[in-house]
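Participant: So that you have it, the file is run37.cif, and it contains mmCIF, C-alpha atoms:
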data_run
#
loop_
_atom_site.label_atom_id
_atom_site.label_comp_id
_atom_site.auth_asym_id
_atom_site.auth_seq_id
_atom_site.Cartn_x
_atom_site.Cartn_y
_atom_site.Cartn_z
CA MET A 1 97.07 104.91 58.65
CA LYS A 2 99.12 103.93 55.62
CA GLU A 3 102.29 101.96 55.96
CA ASN A 4 104.64 103.74 53.54
CA GLY A 5 107.80 103.53 55.64
CA CYS A 6 107.99 99.85 56.55
CA SER A 7 108.36 98.21 53.14
CA ARG A 8 109.89 101.15 51.28
CA LYS A 9 113.23 100.65 49.55
CA GLN A 10 115.69 103.52 49.38
CA GLY A 11 114.76 105.82 46.49
CA ALA A 12 111.93 103.57 45.28
CA ALA A 13 108.99 105.58 46.69
CA SER A 14 108.42 109.26 47.23
CA PRO A 15 109.34 110.65 50.65
CA CYS A 16 106.67 110.95 53.33
CA ALA A 17 104.83 114.26 53.75
CA ALA A 18 107.02 115.19 56.75
CA CYS A 19 110.32 114.68 54.96
CA LYS A 20 109.00 116.41 51.87
CA LEU A 21 107.95 119.47 53.90
CA LEU A 22 111.19 119.48 55.89
CA ARG A 23 113.18 119.01 52.64
CA ARG A 24 115.18 116.08 53.87
CA ARG A 25 115.86 112.56 52.67
CA CYS A 26 113.27 110.09 53.96
CA ALA A 27 115.11 107.19 55.58
CA GLN A 28 113.74 103.67 55.53
CA ASP A 29 113.15 103.81 59.30
CA CYS A 30 111.55 107.30 59.22
CA VAL A 31 109.29 107.68 62.27
CA PHE A 32 106.90 109.96 60.32
CA ALA A 33 106.41 107.80 57.21
CA PRO A 34 103.77 105.38 58.56
CA TYR A 35 101.58 108.23 59.81
CA PHE A 36 102.12 111.06 57.33
CA PRO A 37 101.93 109.59 53.81
CA ALA A 38 103.10 111.62 50.82
CA ASP A 39 99.56 111.99 49.46
CA GLU A 40 98.41 113.87 52.61
CA PRO A 41 100.84 116.81 52.89
CA GLN A 42 98.41 119.15 54.71
CA LYS A 43 98.08 116.66 57.56
CA PHE A 44 101.74 117.04 58.55
CA ALA A 45 101.87 120.74 57.62
CA ASN A 46 99.24 121.56 60.28
CA VAL A 47 100.86 119.32 62.90
CA HIS A 48 104.26 120.87 62.17
CA LYS A 49 102.82 124.38 62.38
CA VAL A 50 101.24 123.75 65.79
CA PHE A 51 103.63 121.32 67.51
CA GLY A 52 106.89 121.52 65.56
CA ALA A 53 108.58 118.61 63.81
CA SER A 54 111.15 117.91 66.54
CA ASN A 55 108.47 117.80 69.25
CA VAL A 56 106.35 115.41 67.19
CA ASN A 57 109.43 113.29 66.55
CA LYS A 58 110.22 113.15 70.28
CA MET A 59 106.63 112.29 71.21
CA LEU A 60 106.45 109.49 68.66
CA GLN A 61 109.78 107.98 69.66
CA GLU A 62 108.84 107.98 73.35
CA LEU A 63 105.64 106.02 72.69
CA PRO A 64 105.33 102.30 72.01
CA GLU A 65 104.52 101.62 68.35
CA HIS A 66 100.99 100.40 69.09
CA GLN A 67 100.09 103.83 70.59
CA ARG A 68 101.64 106.02 67.92
CA GLY A 69 98.68 105.90 65.54
CA ASP A 70 96.31 107.19 68.22
CA ALA A 71 98.80 109.87 69.23
CA VAL A 72 99.15 111.06 65.64
CA SER A 73 95.38 111.06 65.24
CA SER A 74 95.05 113.24 68.35
CA MET A 75 97.80 115.61 67.20
CA VAL A 76 96.21 115.95 63.77
CA TYR A 77 92.81 116.68 65.33
CA GLU A 78 94.23 119.29 67.71
CA ALA A 79 96.37 120.86 64.97
CA ASN A 80 93.39 121.14 62.59
CA ALA A 81 91.31 122.67 65.38
CA ARG A 82 94.11 125.15 66.18
CA VAL A 83 94.34 126.16 62.52
CA ARG A 84 90.57 126.84 62.47
CA ASP A 85 90.53 128.51 65.92
CA PRO A 86 94.02 129.63 67.02
CA VAL A 87 92.88 130.78 70.47
CA TYR A 88 90.74 127.91 71.72
CA GLY A 89 91.53 124.99 69.39
CA CYS A 90 89.55 121.84 70.10
CA VAL A 91 88.38 123.28 73.43
CA GLY A 92 86.39 125.82 71.40
CA ALA A 93 84.78 123.01 69.42
CA ILE A 94 83.95 121.12 72.62
CA SER A 95 82.51 124.27 74.19
CA SER A 96 80.37 124.93 71.12
CA LEU A 97 79.04 121.37 71.18
CA GLN A 98 78.29 121.68 74.91
CA GLN A 99 76.31 124.85 74.27
CA GLN A 100 74.32 123.04 71.55
CA ILE A 101 73.61 120.21 74.00
CA ASP A 102 72.42 122.71 76.63
CA VAL A 103 70.05 124.40 74.15
CA LEU A 104 68.71 121.05 72.95
CA GLN A 105 68.19 119.83 76.53
CA THR A 106 66.24 123.02 77.26
CA GLN A 107 64.12 122.47 74.16
CA LEU A 108 63.50 118.87 75.20
CA ALA A 109 62.50 119.93 78.71
CA LEU A 110 60.08 122.51 77.28
CA ALA A 111 58.56 119.93 74.95
CA GLN A 112 58.21 117.40 77.77
CA ALA A 113 56.60 120.04 80.01
CA GLU A 114 54.19 120.91 77.23
CA VAL A 115 53.24 117.23 76.82
CA VAL A 116 52.61 116.91 80.56
CA HIS A 117 50.59 120.13 80.53
CA LEU A 118 48.45 118.93 77.61
CA ARG A 119 47.88 115.54 79.25
CA VAL A 120 46.78 117.19 82.50
CA ARG A 121 44.42 119.49 80.60
CA GLN A 122 43.03 116.55 78.67
CA THR A 123 42.53 114.55 81.88
CA GLN A 124 40.84 117.52 83.55
CA SER A 125 38.60 118.07 80.55
CA ILE A 126 37.60 114.44 80.52
CA SER A 127 36.93 114.31 84.28
CA ASN A 128 35.01 117.64 84.30
CA HIS A 129 32.63 116.47 81.62
CA GLY A 130 32.36 112.83 82.67
CA LEU A 131 33.64 111.64 79.32
CA SER A 132 35.91 108.70 78.80
CA PRO A 133 38.53 108.95 76.08
CA ALA A 134 36.71 106.27 74.05
CA SER A 135 33.27 107.81 74.59
CA PRO A 136 31.26 108.39 71.39
CA SER A 137 30.52 111.93 72.50
CA ASN A 138 34.27 112.64 72.62
CA SER A 139 34.77 111.54 69.04
CA GLY A 140 35.89 114.86 67.62
CA SER A 141 32.42 116.05 66.63
CA PRO A 142 31.73 119.81 66.72
CA SER A 143 29.91 119.50 70.04
CA SER A 144 32.80 117.68 71.74
CA ARG A 145 35.25 120.26 70.39
CA PHE A 146 33.03 123.00 71.83
CA ILE A 147 32.96 121.30 75.24
CA GLY A 148 36.75 120.91 75.18
CA SER A 149 37.25 124.55 74.30
CA GLN A 150 35.15 125.68 77.28
CA SER A 151 37.37 124.07 79.91
CA ARG A 152 39.17 126.45 82.22
CA PRO A 153 42.96 126.18 82.56
CA ILE A 154 44.33 124.15 85.44
CA PHE A 155 46.98 126.69 86.33
CA ASP A 156 46.45 130.37 87.02
CA MET A 157 49.43 131.10 84.87
CA ASP A 158 49.72 128.99 81.75
CA MET A 159 53.14 127.44 81.16
CA MET A 160 54.67 130.26 79.17
CA MET A 161 58.37 130.85 78.74
CA ASP A 162 60.29 133.57 76.97
CA HIS A 163 62.05 131.63 74.19
CA SER A 164 64.10 134.66 73.14
CA SER A 165 65.94 134.69 76.47
CA LEU A 166 67.02 131.10 75.85
CA GLY A 167 68.45 131.93 72.45
CA LEU A 168 66.02 129.52 70.82
CA GLY A 169 64.78 131.92 68.19
CA GLU A 170 61.17 132.26 67.10
CA SER A 171 59.91 128.81 68.05
CA MET A 172 61.44 125.66 69.44
CA TRP A 173 59.86 123.72 66.56
CA SER A 174 61.33 125.84 63.74
CA CYS A 175 64.05 124.33 61.61
#
Take the structure from the file and write it as structure tokens.

Facilitator:
Amino acid sequence: MKENGCSRKQGAASPCAACKLLRRRCAQDCVFAPYFPADEPQKFANVHKVFGASNVNKMLQELPEHQRGDAVSSMVYEANARVRDPVYGCVGAISSLQQQIDVLQTQLALAQAEVVHLRVRQTQSISNHGLSPASPSNSGSPSSRFIGSQSRPIFDMDMMMDHSSLGLGESMWSC
């Protein structure tokens, strides 16, 4: 937030973005000047397009000064979202982010389930063959790899899931 309106002398500085867009003289006590500086004209243009200048003026005058900056920030965010998505505005952005969270939580759950599955298989393999994880015969030699490949699955149905139905694409690990 730039403070153009508080220390401005009449005619000394350029009018704020709001007064410039509305083609009016910017008074020294202009309610828009501290929040819509002249060098950011698009900021007020979007807010004006969505909310209207008189509504923004009323909202700002009804608020205490210490809350006006946050209110303007919220109006600017909503106005920019409405310009990008006229139907849903910032609700569309929130919904999109929520969908991304849901997909990522599903991917995380799948990865965690896969880790558990692999740990159970490893534990079963070790217990079936009487090997400890630090045993020399479980050192990664060809014979230990052959023994590990001969273990039968714990579950009748391996943990398979149709990734295409989740909208995850080809693989959950692809970038």

Participant: Go ahead and compute the interatomic distance for CA of Val56 in chain A and CA of Val72 in chain A, in Å to one decimal.

Facilitator: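 Taking CA of Val56 in chain A as the start and CA of Val72 in chain A as the end point, the length is 8.6 Å.
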
Participant: Can you tell me which residues surround range 81-96 of chain A at a distance of at most 12 Å, considering only C-alpha atoms, apart from same-chain residues fewer than 3 positions away, and format the answer as a PyMOL selection string?

Facilitator: chain A and resi 42-43+45-51+74-78+99-103

Participant: Report as JSON, numbers by chain all protein, DNA and RNA residues lying within 12 Å of Ala53 in chain A, evaluated on all atoms listed in the file, omitting residues in the same chain fewer than 5 positions from it.

Facilitator: {"A": [17, 18, 19, 21, 22, 31, 32, 36, 44, 45, 46, 47, 48, 58, 59, 60, 75]}

Participant: For the atom pair CA of Gln107 in chain A and CA of Ile126 in chain A, what is the interatomic distance in Å to one decimal place?

Facilitator: 28.4 Å

Participant: Let me make sure I understand: among A:Ser54, A:Ser14, A:Gln61, A:Asn80, which one has the smallest atom-to-atom distance to Asp39 in chain A if we use only C-alpha atoms?

Facilitator: A:Ser14

Participant: Give me, please, the distance in Å between CA of Ala27 in chain A and CA of Glu65 in chain A, quoted to one decimal.

Facilitator: 17.5 Å
